[in-house]
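Working notes, structure below.
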Amino acid sequence: MKTIYLDNNATTSVAPEVFEAMKPFLTELWGNPSSMHTFGGQVARHIERAREQVADLLGAENPSEIIFTSCGTESNNTAFHSALATARDKHKVITTSVEHPAVLNPAKQLAVQGREVAFIPVDGMGRLDLSEIERAIDGRTALVSVMWANNETGVVFPVERIAEMCEERGVPFHVDAVQAAGKIPIDLKKAPITFLSISGHKLHAPKGVGVLYVRRGTPFSPFIVGGHQEHSRRGGTENVASIVAIGKACEMAISRMDEERVKVTKLRDRLEKGILDIIPRSFIHGDTQHRLPNTTNIGFEAVEGEAILLLMNEYGICASSGSACTSGSLDPSHVMIAMGIPFTRAHGSIRFSLSRYSTDEEIDFVLKVLPGIIQRLRELSPVS
Ligand code: PLP
């Protein structure tokens with residue numbers, strides 16, 4: 001059975017070009033970049049090349065602002081740790097109620113430790129009211145953290161405006177750009193963002209590599225303390241092959257983004273319109289005006305999301321209900337709850353997330369089988 005992979009916000013396939021680029025660092029070029037001998041030391045310049053490629057995708061002023069980490073989660077934790085460790089007199093963190101657990105849980109941990117944490121709510125379309133962030137910022141604020149794009153709904157937040165608001169008040173601003181990087185333009189020359197996180201496996205590089213951008217001049221305290229790697233900003237022998245891979249993935253994203261955005265948006269819109277036209281009582285969740293090109297989150301009234309996923313799985317179709325990291329629990333996702341989506345619809349919400357490799361044939365196939373799946377489940381449902 002062919003796999004129809006429409007779960008790219010959970011993880012993406014490694015691009016063949018990325019795999020080719022990383023291969024030599026798993027075979028002949030396996031030395032330690034910190035070694036004094038040429039065999040190891042020659043590897044270091046490939047890390048520096050990757051740093052430049054990542055800096056280019058993000059529009060960073062200088063490659064030295066790029067720190068390689070093990071994942072988006074580590075990057076987020078590092079930003080939180082560093083902001084609080086370097087501003088000892090400030091104890092407050094402001095974030096949103098719809099962040100990924102990789103921000104929500106560090107924030108909740110700080111609250112348990114006695115820090116003040118404000119979770120800014122969203123409206124029914126998943127949008128933020130910027131005046132609420134403005135009101136929450138005060139002299140005790142050590143960090144504001146807002147995601148660029150939501151992993152469940154694809155809703156894009158106006159982080160450039162929030163960055164300016166934070167800069168005016170002298171407050172560091174962290175952006176979790178894990179879902180935005182490679183899908184929509186990011187230009188750190190235009191937006192005064194202090195910290196920004198990305199993750200390799202969301203942009204066709206492998207799992208286990210991430211990036212934290214730290215604007216030049218920002219006081220910094222490492223989260224992983226050890227050797228002098230990454231200019232003593234992140235201890236641990238570098239994951240060279242994966243660092244090279246994320247660099248290559250960023251380079252590919254730069255050259256293909258415009259074309260891919262058009263292609264992926266067209267496919268996503270066809271899928272979405274097809275579903276809404278054919279399947280009664282189906283609804284889009286989130287602001288469709290400000291949304292990633294690849295994501296749609298659709299609620300099916302009176303059906304369980306997990307049941308839809310299981311039946312789609314029988315046809316080889318991969319999607320998600322809620323966030324991949326929280327599936328396995330039957331509670332409606334915290335994002336759906338924060339948006340005030342009615343329980344019956346939140347429960348039946350499915351996220352389809354496409355990629356550059358998605359095809360018209362795949363969309364046709366989903367549109368062919370999904371109406372029958374929903375109908376079958378509604379016939380079985382006591383509340384249909
Ligand atoms: N932030 C967002 C918005 C995400 O979607 C994810 C993963 O789903 C992460 C952070 C965590 O990234 P990683 O899996 O690299 O730790």
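Residue names in the structure tokens use chain letters A, B, ... in the order shown, residue numbers from 1 in each chain, and ligand numbers from 1 in the order shown.
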
Do you know which residues are within 6 Å of ligand 1 using only C-alpha atoms and all ligand atoms? Can you write them as a CSV table (one decimal) with N, CA and C atoms, in the first residue's frame?
```csv
chain,number,residue,atom,x,y,z
A,10,ALA,N,4.3,17.2,11.7
A,10,ALA,CA,4.9,16.3,12.7
A,10,ALA,C,6.3,16.0,12.4
A,71,CYS,N,17.7,20.0,18.8
A,71,CYS,CA,16.3,20.0,18.4
A,71,CYS,C,15.6,21.4,18.7
A,72,GLY,N,14.4,21.5,18.2
A,72,GLY,CA,13.7,22.8,18.5
A,72,GLY,C,13.4,22.9,20.0
A,73,THR,N,13.1,21.8,20.6
A,73,THR,CA,12.8,21.8,22.1
A,73,THR,C,14.0,22.4,22.9
A,100,HIS,N,3.5,25.4,21.4
A,100,HIS,CA,3.9,24.0,21.4
A,100,HIS,C,4.3,23.6,22.9
A,102,ALA,N,6.9,22.5,23.8
A,102,ALA,CA,8.3,22.8,23.9
A,102,ALA,C,8.5,24.2,24.4
A,150,ASN,N,1.5,28.5,14.3
A,150,ASN,CA,1.0,27.4,15.1
A,150,ASN,C,1.0,26.0,14.4
A,151,ASN,N,1.6,25.0,15.1
A,151,ASN,CA,1.7,23.7,14.5
A,151,ASN,C,0.4,23.0,14.2
A,176,ASP,N,9.5,30.9,18.5
A,176,ASP,CA,9.5,29.5,18.1
A,176,ASP,C,9.1,29.5,16.6
A,178,VAL,N,9.8,27.0,14.5
A,178,VAL,CA,9.9,25.7,14.1
A,178,VAL,C,9.0,25.3,12.9
A,179,GLN,N,7.8,25.8,12.9
A,179,GLN,CA,6.8,25.5,11.8
A,179,GLN,C,6.9,26.5,10.7
A,199,SER,N,14.0,23.8,13.7
A,199,SER,CA,14.3,22.4,13.9
A,199,SER,C,14.5,21.7,12.6
```

* **Who sits within 7 Å of stretch 156-164 of chain A, only C-alpha atoms, same chain under 6 positions skipped, as a list of chain:residue names** =>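 Non-adjacent residues within range: A:Trp148, A:Ala149, A:Asn150, A:Phe173, A:Ala191, A:Pro192, A:Ile193, A:His290, A:Arg291, A:Leu292.
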
Using only C-alpha atoms, the best pick from A:Leu354, A:Ile66, A:Val112, A:Val171 as closest to A:Arg270 would be A:Leu354

Problem - Counting only C-alpha atoms, the residue of A:Met125, A:Pro371, A:Ala338, A:Thr265 that sits nearest A:Asp277 - result: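 Going through A:Met125, A:Pro371, A:Ala338, A:Thr265 one by one, the smallest distance to A:Asp277 is for A:Pro371.
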
Just the residues within 8 Å of A:Pro172, please, counting only C-alpha atoms, with nothing from its chain fewer than 6 positions along; format it as a PyMOL selection string.
chain A and resi 83+142-144+166+193-195

TODO: Please report, as a PyMOL selection string, each residue of stretch 223-379 of chain A to which DSSP assigns helix (DSSP H, G or I) when run on this structure's backbone.
DONE: chain A and resi 229-232+240-278+305-314+334-338+343-346+360-379

Find the distance between atom CA of A:Ile284 and atom CA of A:Val335 and write it in Å to one decimal.
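Between atom CA of A:Ile284 and atom CA of A:Val335 the gap works out to 13.8 Å.
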
Q) What is the atom CA of A:Thr86-atom CA of A:Val54 distance in Å, reported with one decimal? A)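 Computing the Euclidean distance for atom CA of A:Thr86 and atom CA of A:Val54 yields 25.7 Å.
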
I need the residues of stretch 101-340 of chain A that end up classed as strand (DSSP E) by DSSP on the backbone, written out as a tab-separated table (two decimals) with all heavy atoms, in the first residue's frame.
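Writing the result to out-v4.tsv gives the following:
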```tsv
chain	number	residue	atom	x	y	z
A	116	GLU	N	6.64	34.52	37.62
A	116	GLU	CA	5.33	34.96	37.13
A	116	GLU	C	5.26	34.64	35.63
A	116	GLU	O	6.15	35.03	34.87
A	116	GLU	CB	5.23	36.48	37.36
A	116	GLU	CG	3.86	37.02	37.12
A	116	GLU	CD	3.81	38.53	37.37
A	116	GLU	OE1	4.72	39.07	38.03
A	116	GLU	OE2	2.86	39.13	36.87
A	117	VAL	N	4.22	33.93	35.22
A	117	VAL	CA	4.09	33.59	33.80
A	117	VAL	C	2.70	34.01	33.33
A	117	VAL	O	1.69	33.66	33.95
A	117	VAL	CB	4.29	32.07	33.56
A	117	VAL	CG1	4.22	31.76	32.07
A	117	VAL	CG2	5.62	31.60	34.12
A	118	ALA	N	2.65	34.76	32.24
A	118	ALA	CA	1.36	35.17	31.67
A	118	ALA	C	1.15	34.41	30.36
A	118	ALA	O	2.03	34.41	29.49
A	118	ALA	CB	1.37	36.67	31.42
A	119	PHE	N	-0.01	33.75	30.26
A	119	PHE	CA	-0.36	33.04	29.02
A	119	PHE	C	-1.42	33.87	28.30
A	119	PHE	O	-2.57	33.95	28.76
A	119	PHE	CB	-0.90	31.64	29.33
A	119	PHE	CG	0.14	30.72	29.95
A	119	PHE	CD1	0.21	30.57	31.33
A	119	PHE	CD2	1.04	30.03	29.15
A	119	PHE	CE1	1.17	29.74	31.90
A	119	PHE	CE2	2.00	29.19	29.72
A	119	PHE	CZ	2.07	29.04	31.09
A	120	ILE	N	-1.04	34.51	27.21
A	120	ILE	CA	-1.97	35.39	26.50
A	120	ILE	C	-2.97	34.52	25.71
A	120	ILE	O	-2.54	33.62	24.96
A	120	ILE	CB	-1.20	36.34	25.53
A	120	ILE	CG1	-0.10	37.11	26.29
A	120	ILE	CG2	-2.14	37.26	24.78
A	120	ILE	CD1	-0.59	38.06	27.35
A	141	THR	N	9.54	42.05	33.29
A	141	THR	CA	9.51	41.05	32.23
A	141	THR	C	10.90	40.70	31.71
A	141	THR	O	11.62	41.57	31.21
A	141	THR	CB	8.61	41.53	31.06
A	141	THR	OG1	7.36	41.95	31.59
A	141	THR	CG2	8.40	40.44	30.03
A	142	ALA	N	11.24	39.41	31.82
A	142	ALA	CA	12.56	38.93	31.35
A	142	ALA	C	12.48	38.46	29.91
A	142	ALA	O	13.48	38.48	29.19
A	142	ALA	CB	13.04	37.78	32.23
A	143	LEU	N	11.30	37.99	29.48
A	143	LEU	CA	11.18	37.41	28.13
A	143	LEU	C	9.72	37.39	27.68
A	143	LEU	O	8.82	37.08	28.46
A	143	LEU	CB	11.71	35.96	28.13
A	143	LEU	CG	11.78	35.26	26.76
A	143	LEU	CD1	12.88	35.86	25.88
A	143	LEU	CD2	12.02	33.76	26.92
A	144	VAL	N	9.54	37.69	26.38
A	144	VAL	CA	8.26	37.43	25.71
A	144	VAL	C	8.55	36.34	24.69
A	144	VAL	O	9.57	36.40	24.00
A	144	VAL	CB	7.72	38.70	25.01
A	144	VAL	CG1	6.45	38.38	24.23
A	144	VAL	CG2	7.45	39.81	26.03
A	145	SER	N	7.70	35.31	24.63
A	145	SER	CA	7.92	34.22	23.68
A	145	SER	C	6.63	33.93	22.93
A	145	SER	O	5.61	33.58	23.55
A	145	SER	CB	8.39	32.96	24.43
A	145	SER	OG	8.57	31.90	23.52
A	146	VAL	N	6.67	34.11	21.61
A	146	VAL	CA	5.47	33.87	20.78
A	146	VAL	C	5.89	33.07	19.55
A	146	VAL	O	6.90	33.41	18.91
A	146	VAL	CB	4.82	35.20	20.33
A	146	VAL	CG1	3.63	34.95	19.41
A	146	VAL	CG2	4.38	36.03	21.54
A	147	MET	N	5.14	32.03	19.22
A	147	MET	CA	5.50	31.22	18.05
A	147	MET	C	5.22	31.98	16.76
A	147	MET	O	4.33	32.84	16.72
A	147	MET	CB	4.75	29.88	18.07
A	147	MET	CG	3.27	30.01	17.94
A	147	MET	SD	2.28	28.55	18.50
A	147	MET	CE	3.27	27.14	18.23
A	173	PHE	N	12.88	39.15	23.08
A	173	PHE	CA	11.74	38.48	22.43
A	173	PHE	C	12.21	37.20	21.76
A	173	PHE	O	13.09	37.22	20.91
A	173	PHE	CB	11.12	39.44	21.40
A	173	PHE	CG	9.93	38.85	20.66
A	173	PHE	CD1	8.96	38.12	21.33
A	173	PHE	CD2	9.79	39.06	19.29
A	173	PHE	CE1	7.86	37.58	20.64
A	173	PHE	CE2	8.70	38.54	18.60
A	173	PHE	CZ	7.74	37.80	19.28
A	174	HIS	N	11.60	36.07	22.17
A	174	HIS	CA	11.91	34.77	21.57
A	174	HIS	C	10.77	34.33	20.65
A	174	HIS	O	9.60	34.48	21.00
A	174	HIS	CB	12.10	33.71	22.67
A	174	HIS	CG	12.10	32.30	22.12
A	174	HIS	ND1	11.08	31.40	22.35
A	174	HIS	CD2	13.00	31.66	21.33
A	174	HIS	CE1	11.37	30.25	21.75
A	174	HIS	NE2	12.52	30.38	21.13
A	175	VAL	N	11.16	33.78	19.49
A	175	VAL	CA	10.16	33.26	18.55
A	175	VAL	C	10.45	31.79	18.28
A	175	VAL	O	11.56	31.44	17.86
A	175	VAL	CB	10.19	34.06	17.22
A	175	VAL	CG1	9.21	33.45	16.22
A	175	VAL	CG2	9.84	35.52	17.48
A	176	ASP	N	9.46	30.94	18.51
A	176	ASP	CA	9.54	29.54	18.11
A	176	ASP	C	9.10	29.50	16.63
A	176	ASP	O	7.91	29.57	16.33
A	176	ASP	CB	8.61	28.70	19.00
A	176	ASP	CG	8.57	27.24	18.57
A	176	ASP	OD1	9.01	26.93	17.44
A	176	ASP	OD2	8.09	26.41	19.36
A	195	PHE	N	15.80	36.03	20.13
A	195	PHE	CA	16.09	34.59	20.02
A	195	PHE	C	15.09	33.98	19.03
A	195	PHE	O	13.90	34.36	19.06
A	195	PHE	CB	15.87	33.86	21.35
A	195	PHE	CG	16.67	34.35	22.51
A	195	PHE	CD1	16.10	35.20	23.46
A	195	PHE	CD2	17.98	33.93	22.70
A	195	PHE	CE1	16.82	35.63	24.57
A	195	PHE	CE2	18.71	34.36	23.81
A	195	PHE	CZ	18.14	35.21	24.74
A	196	LEU	N	15.54	33.00	18.23
A	196	LEU	CA	14.61	32.32	17.33
A	196	LEU	C	15.02	30.86	17.19
A	196	LEU	O	16.20	30.55	17.02
A	196	LEU	CB	14.60	33.02	15.97
A	196	LEU	CG	13.66	32.44	14.91
A	196	LEU	CD1	12.84	33.56	14.24
A	196	LEU	CD2	14.43	31.68	13.84
A	197	SER	N	14.04	29.96	17.31
A	197	SER	CA	14.31	28.52	17.26
A	197	SER	C	13.82	27.91	15.96
A	197	SER	O	12.72	28.23	15.51
A	197	SER	CB	13.54	27.80	18.38
A	197	SER	OG	13.79	28.38	19.63
A	198	ILE	N	14.64	27.01	15.39
A	198	ILE	CA	14.15	26.18	14.29
A	198	ILE	C	14.59	24.73	14.51
A	198	ILE	O	15.45	24.45	15.35
A	198	ILE	CB	14.57	26.70	12.89
A	198	ILE	CG1	16.04	26.44	12.57
A	198	ILE	CG2	14.23	28.16	12.71
A	198	ILE	CD1	16.39	26.72	11.10
A	199	SER	N	14.00	23.81	13.74
A	199	SER	CA	14.26	22.39	13.92
A	199	SER	C	14.47	21.73	12.56
A	199	SER	O	13.69	21.95	11.63
A	199	SER	CB	13.07	21.75	14.63
A	199	SER	OG	13.21	20.36	14.66
A	210	GLY	N	18.84	21.10	15.67
A	210	GLY	CA	18.06	22.34	15.71
A	210	GLY	C	19.00	23.53	15.69
A	210	GLY	O	20.23	23.37	15.63
A	211	VAL	N	18.39	24.70	15.73
A	211	VAL	CA	19.18	25.94	15.71
A	211	VAL	C	18.55	26.91	16.69
A	211	VAL	O	17.32	27.01	16.79
A	211	VAL	CB	19.15	26.57	14.29
A	211	VAL	CG1	19.54	28.03	14.32
A	211	VAL	CG2	20.05	25.80	13.34
A	212	LEU	N	19.41	27.61	17.42
A	212	LEU	CA	18.94	28.79	18.15
A	212	LEU	C	19.69	30.00	17.60
A	212	LEU	O	20.93	30.02	17.62
A	212	LEU	CB	19.18	28.66	19.66
A	212	LEU	CG	18.71	29.91	20.45
A	212	LEU	CD1	17.18	30.06	20.39
A	212	LEU	CD2	19.16	29.84	21.90
A	213	TYR	N	18.93	30.95	17.09
A	213	TYR	CA	19.51	32.23	16.68
A	213	TYR	C	19.54	33.13	17.92
A	213	TYR	O	18.54	33.22	18.64
A	213	TYR	CB	18.65	32.86	15.58
A	213	TYR	CG	18.84	34.35	15.42
A	213	TYR	CD1	19.82	34.87	14.60
A	213	TYR	CD2	18.03	35.25	16.13
A	213	TYR	CE1	20.00	36.25	14.48
A	213	TYR	CE2	18.20	36.62	16.01
A	213	TYR	CZ	19.19	37.11	15.18
A	213	TYR	OH	19.37	38.46	15.06
A	214	VAL	N	20.69	33.76	18.15
A	214	VAL	CA	20.80	34.72	19.26
A	214	VAL	C	21.37	36.01	18.68
A	214	VAL	O	22.50	36.03	18.18
A	214	VAL	CB	21.74	34.21	20.38
A	214	VAL	CG1	21.78	35.20	21.54
A	214	VAL	CG2	21.31	32.84	20.87
A	282	SER	N	-18.53	20.03	8.29
A	282	SER	CA	-17.08	20.11	8.44
A	282	SER	C	-16.69	21.59	8.42
A	282	SER	O	-17.31	22.38	7.71
A	282	SER	CB	-16.36	19.33	7.33
A	282	SER	OG	-16.78	19.76	6.06
A	283	PHE	N	-15.71	21.95	9.23
A	283	PHE	CA	-15.37	23.37	9.45
A	283	PHE	C	-13.86	23.55	9.53
A	283	PHE	O	-13.17	22.71	10.11
A	283	PHE	CB	-15.95	23.85	10.80
A	283	PHE	CG	-17.40	23.57	10.97
A	283	PHE	CD1	-17.83	22.33	11.48
A	283	PHE	CD2	-18.35	24.51	10.63
A	283	PHE	CE1	-19.17	22.06	11.64
A	283	PHE	CE2	-19.71	24.25	10.79
A	283	PHE	CZ	-20.12	23.01	11.29
A	284	ILE	N	-13.38	24.67	8.98
A	284	ILE	CA	-11.94	24.97	9.11
A	284	ILE	C	-11.71	25.62	10.47
A	284	ILE	O	-12.45	26.52	10.87
A	284	ILE	CB	-11.46	25.96	8.03
A	284	ILE	CG1	-11.76	25.40	6.65
A	284	ILE	CG2	-9.97	26.25	8.18
A	284	ILE	CD1	-11.46	26.38	5.53
A	295	THR	N	-0.86	23.96	5.72
A	295	THR	CA	-1.63	23.37	6.83
A	295	THR	C	-3.12	23.67	6.71
A	295	THR	O	-3.50	24.80	6.39
A	295	THR	CB	-1.13	23.96	8.18
A	295	THR	OG1	0.29	23.82	8.24
A	295	THR	CG2	-1.77	23.27	9.37
A	296	THR	N	-3.94	22.65	6.99
A	296	THR	CA	-5.36	22.91	7.23
A	296	THR	C	-5.80	22.03	8.39
A	296	THR	O	-5.40	20.88	8.50
A	296	THR	CB	-6.24	22.65	5.98
A	296	THR	OG1	-7.61	22.89	6.33
A	296	THR	CG2	-6.12	21.23	5.44
A	297	ASN	N	-6.60	22.62	9.27
A	297	ASN	CA	-7.13	21.89	10.41
A	297	ASN	C	-8.65	21.90	10.28
A	297	ASN	O	-9.27	22.96	10.29
A	297	ASN	CB	-6.68	22.57	11.71
A	297	ASN	CG	-7.05	21.76	12.92
A	297	ASN	OD1	-8.20	21.33	13.08
A	297	ASN	ND2	-6.10	21.53	13.80
A	298	ILE	N	-9.21	20.73	10.10
A	298	ILE	CA	-10.65	20.65	9.80
A	298	ILE	C	-11.37	19.87	10.89
A	298	ILE	O	-10.93	18.78	11.28
A	298	ILE	CB	-10.88	19.99	8.42
A	298	ILE	CG1	-10.11	20.82	7.35
A	298	ILE	CG2	-12.36	19.92	8.09
A	298	ILE	CD1	-10.31	20.37	5.94
A	299	GLY	N	-12.46	20.46	11.38
A	299	GLY	CA	-13.27	19.81	12.41
A	299	GLY	C	-14.45	19.12	11.76
A	299	GLY	O	-15.13	19.71	10.92
A	300	PHE	N	-14.68	17.86	12.15
A	300	PHE	CA	-15.83	17.10	11.67
A	300	PHE	C	-16.75	16.89	12.87
A	300	PHE	O	-16.37	16.20	13.83
A	300	PHE	CB	-15.39	15.76	11.08
A	300	PHE	CG	-14.45	15.91	9.91
A	300	PHE	CD1	-13.07	15.88	10.09
A	300	PHE	CD2	-14.95	16.11	8.63
A	300	PHE	CE1	-12.21	16.03	9.02
A	300	PHE	CE2	-14.09	16.27	7.54
A	300	PHE	CZ	-12.71	16.23	7.74
A	317	ILE	N	-3.24	6.67	4.59
A	317	ILE	CA	-3.21	8.14	4.71
A	317	ILE	C	-2.75	8.53	6.12
A	317	ILE	O	-3.34	8.09	7.12
A	317	ILE	CB	-4.62	8.75	4.44
A	317	ILE	CG1	-5.11	8.34	3.06
A	317	ILE	CG2	-4.59	10.27	4.60
A	317	ILE	CD1	-6.58	8.64	2.81
A	318	CYS	N	-1.70	9.34	6.19
A	318	CYS	CA	-1.17	9.79	7.48
A	318	CYS	C	-1.54	11.25	7.70
A	318	CYS	O	-1.21	12.10	6.87
A	318	CYS	CB	0.35	9.70	7.51
A	318	CYS	SG	1.00	8.12	7.00
```

Using only C-alpha atoms, determine which residues lie at most 10 Å from A:Gly139, disregarding the query and same-chain residues fewer than 6 positions distant; provide the list as a list in words.
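Answer for this query is Asp89, Lys90, His91, Lys92, Arg169, Gly170 and Val171 of chain A.
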
If you count only C-alpha atoms, the residue of A:His347, A:Arg378, A:Arg215, A:Lys202 closest to A:Lys189 turns out to be A:Arg215

Nearby residues (only C-alpha atoms) at most 6 Å from A:Val14, same-chain spacing under 2 positions excluded, as a list of chain:residue names
A:His204, A:Ala205, A:Pro206

Who sits within 10 Å of A:His285, only C-alpha atoms, same chain under 6 positions skipped, as a PyMOL selection string: chain A and resi 124-126+152-155+296-299+336+339+341+345-346+349-351

Written selection (all heavy atoms) as a compact mmCIF listing (two decimals), in the first residue's frame:
```txt
# COMPACT_ATOMS: atom_id res chain seq x y z
N GLY A 124 -11.44 32.98 18.78
CA GLY A 124 -11.98 31.77 18.17
C GLY A 124 -11.28 31.38 16.87
O GLY A 124 -11.37 30.23 16.42
N MET A 125 -10.59 32.35 16.25
CA MET A 125 -9.85 32.04 15.01
C MET A 125 -8.38 31.75 15.30
O MET A 125 -7.57 31.65 14.38
CB MET A 125 -9.94 33.23 14.06
CG MET A 125 -11.35 33.68 13.79
SD MET A 125 -11.86 33.21 12.17
CE MET A 125 -11.18 34.54 11.22
N GLY A 126 -8.02 31.71 16.59
CA GLY A 126 -6.64 31.42 16.95
C GLY A 126 -5.73 32.62 16.86
O GLY A 126 -4.51 32.48 16.79
N GLU A 152 -0.66 23.34 14.99
CA GLU A 152 -1.92 22.62 14.78
C GLU A 152 -2.82 23.26 13.74
O GLU A 152 -3.49 22.57 12.98
CB GLU A 152 -2.69 22.51 16.11
CG GLU A 152 -1.99 21.60 17.09
CD GLU A 152 -2.84 21.28 18.29
OE1 GLU A 152 -4.08 21.23 18.17
OE2 GLU A 152 -2.26 21.09 19.36
N THR A 153 -2.88 24.59 13.76
CA THR A 153 -3.79 25.29 12.84
C THR A 153 -3.06 25.95 11.68
O THR A 153 -3.69 26.32 10.69
CB THR A 153 -4.57 26.40 13.59
OG1 THR A 153 -3.59 27.30 14.15
CG2 THR A 153 -5.43 25.82 14.69
N GLY A 154 -1.77 26.15 11.83
CA GLY A 154 -1.00 26.87 10.81
C GLY A 154 -1.15 28.38 10.92
O GLY A 154 -0.54 29.12 10.13
N VAL A 155 -1.92 28.87 11.90
CA VAL A 155 -2.13 30.33 12.03
C VAL A 155 -0.78 31.02 12.28
O VAL A 155 0.01 30.58 13.11
CB VAL A 155 -3.13 30.65 13.16
CG1 VAL A 155 -3.17 32.15 13.46
CG2 VAL A 155 -4.52 30.15 12.80
N THR A 296 -3.94 22.65 6.99
CA THR A 296 -5.36 22.91 7.23
C THR A 296 -5.80 22.03 8.39
O THR A 296 -5.40 20.88 8.50
CB THR A 296 -6.24 22.65 5.98
OG1 THR A 296 -7.61 22.89 6.33
CG2 THR A 296 -6.12 21.23 5.44
N ASN A 297 -6.60 22.62 9.27
CA ASN A 297 -7.13 21.89 10.41
C ASN A 297 -8.65 21.90 10.28
O ASN A 297 -9.27 22.96 10.29
CB ASN A 297 -6.68 22.57 11.71
CG ASN A 297 -7.05 21.76 12.92
OD1 ASN A 297 -8.20 21.33 13.08
ND2 ASN A 297 -6.10 21.53 13.80
N ILE A 298 -9.21 20.73 10.10
CA ILE A 298 -10.65 20.65 9.80
C ILE A 298 -11.37 19.87 10.89
O ILE A 298 -10.93 18.78 11.28
CB ILE A 298 -10.88 19.99 8.42
CG1 ILE A 298 -10.11 20.82 7.35
CG2 ILE A 298 -12.36 19.92 8.09
CD1 ILE A 298 -10.31 20.37 5.94
N GLY A 299 -12.46 20.46 11.38
CA GLY A 299 -13.27 19.81 12.41
C GLY A 299 -14.45 19.12 11.76
O GLY A 299 -15.13 19.71 10.92
N MET A 336 -7.18 23.78 20.58
CA MET A 336 -8.64 23.81 20.33
C MET A 336 -9.38 24.37 21.54
O MET A 336 -10.31 25.16 21.42
CB MET A 336 -9.16 22.39 20.03
CG MET A 336 -8.60 21.77 18.77
SD MET A 336 -9.11 22.64 17.29
CE MET A 336 -7.53 22.96 16.54
N MET A 339 -8.95 28.08 21.73
CA MET A 339 -9.75 28.78 20.72
C MET A 339 -11.24 28.71 21.02
O MET A 339 -12.05 29.32 20.30
CB MET A 339 -9.47 28.18 19.33
CG MET A 339 -8.10 28.53 18.78
SD MET A 339 -7.63 27.48 17.38
CE MET A 339 -8.78 28.00 16.13
N ILE A 341 -13.16 26.12 20.69
CA ILE A 341 -13.87 25.28 19.71
C ILE A 341 -14.78 24.33 20.48
O ILE A 341 -14.33 23.68 21.44
CB ILE A 341 -12.86 24.44 18.86
CG1 ILE A 341 -11.80 25.34 18.20
CG2 ILE A 341 -13.57 23.54 17.86
CD1 ILE A 341 -12.26 26.18 17.07
N ARG A 345 -16.68 19.30 18.16
CA ARG A 345 -15.95 19.54 16.93
C ARG A 345 -14.43 19.43 17.16
O ARG A 345 -13.71 18.94 16.32
CB ARG A 345 -16.29 20.94 16.40
CG ARG A 345 -16.15 21.04 14.91
CD ARG A 345 -16.16 22.48 14.48
NE ARG A 345 -17.44 23.13 14.68
CZ ARG A 345 -17.59 24.44 14.59
NH1 ARG A 345 -16.55 25.21 14.30
NH2 ARG A 345 -18.77 24.98 14.77
N ALA A 346 -14.01 19.89 18.36
CA ALA A 346 -12.58 19.83 18.69
C ALA A 346 -12.10 18.37 18.68
O ALA A 346 -11.01 18.05 18.24
CB ALA A 346 -12.32 20.45 20.05
N SER A 349 -11.23 16.90 15.18
CA SER A 349 -10.43 17.77 14.31
C SER A 349 -9.20 17.02 13.78
O SER A 349 -8.55 16.29 14.51
CB SER A 349 -10.03 19.05 15.05
OG SER A 349 -8.98 18.79 15.92
N ILE A 350 -8.97 17.23 12.51
CA ILE A 350 -7.85 16.55 11.83
C ILE A 350 -6.97 17.61 11.19
O ILE A 350 -7.46 18.53 10.54
CB ILE A 350 -8.39 15.61 10.72
CG1 ILE A 350 -9.24 14.48 11.32
CG2 ILE A 350 -7.25 15.03 9.88
CD1 ILE A 350 -8.48 13.48 12.15
N ARG A 351 -5.67 17.47 11.41
CA ARG A 351 -4.72 18.36 10.76
C ARG A 351 -4.08 17.64 9.58
O ARG A 351 -3.50 16.57 9.74
CB ARG A 351 -3.62 18.75 11.75
CG ARG A 351 -2.54 19.62 11.12
CD ARG A 351 -1.36 19.80 12.03
NE ARG A 351 -0.58 18.58 12.20
CZ ARG A 351 0.40 18.43 13.08
NH1 ARG A 351 0.69 19.41 13.90
NH2 ARG A 351 1.08 17.30 13.16
```

- Task: With a distance cut-off of 9 Å and only C-alpha atoms, select the neighbouring residues of stretch 248-251 of chain A, excluding the residue or stretch itself and same-chain residues fewer than 4 positions from it, and output the selection as a count of residues only.
- Result: 23

- Message: When you count only C-alpha atoms, which of these residues is closest to A:Ile67: A:Leu26, A:Ile47, A:Ala85, A:Met312?
- Response: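 Between A:Leu26, A:Ile47, A:Ala85, A:Met312, the residue approaching A:Ile67 most closely is A:Ile47.
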
May I ask for the distance between atom CA of A:Glu52 and atom CA of A:Asn9, given in Å to one decimal place?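 About the pair atom CA of A:Glu52 and atom CA of A:Asn9: they are 25.1 Å apart.
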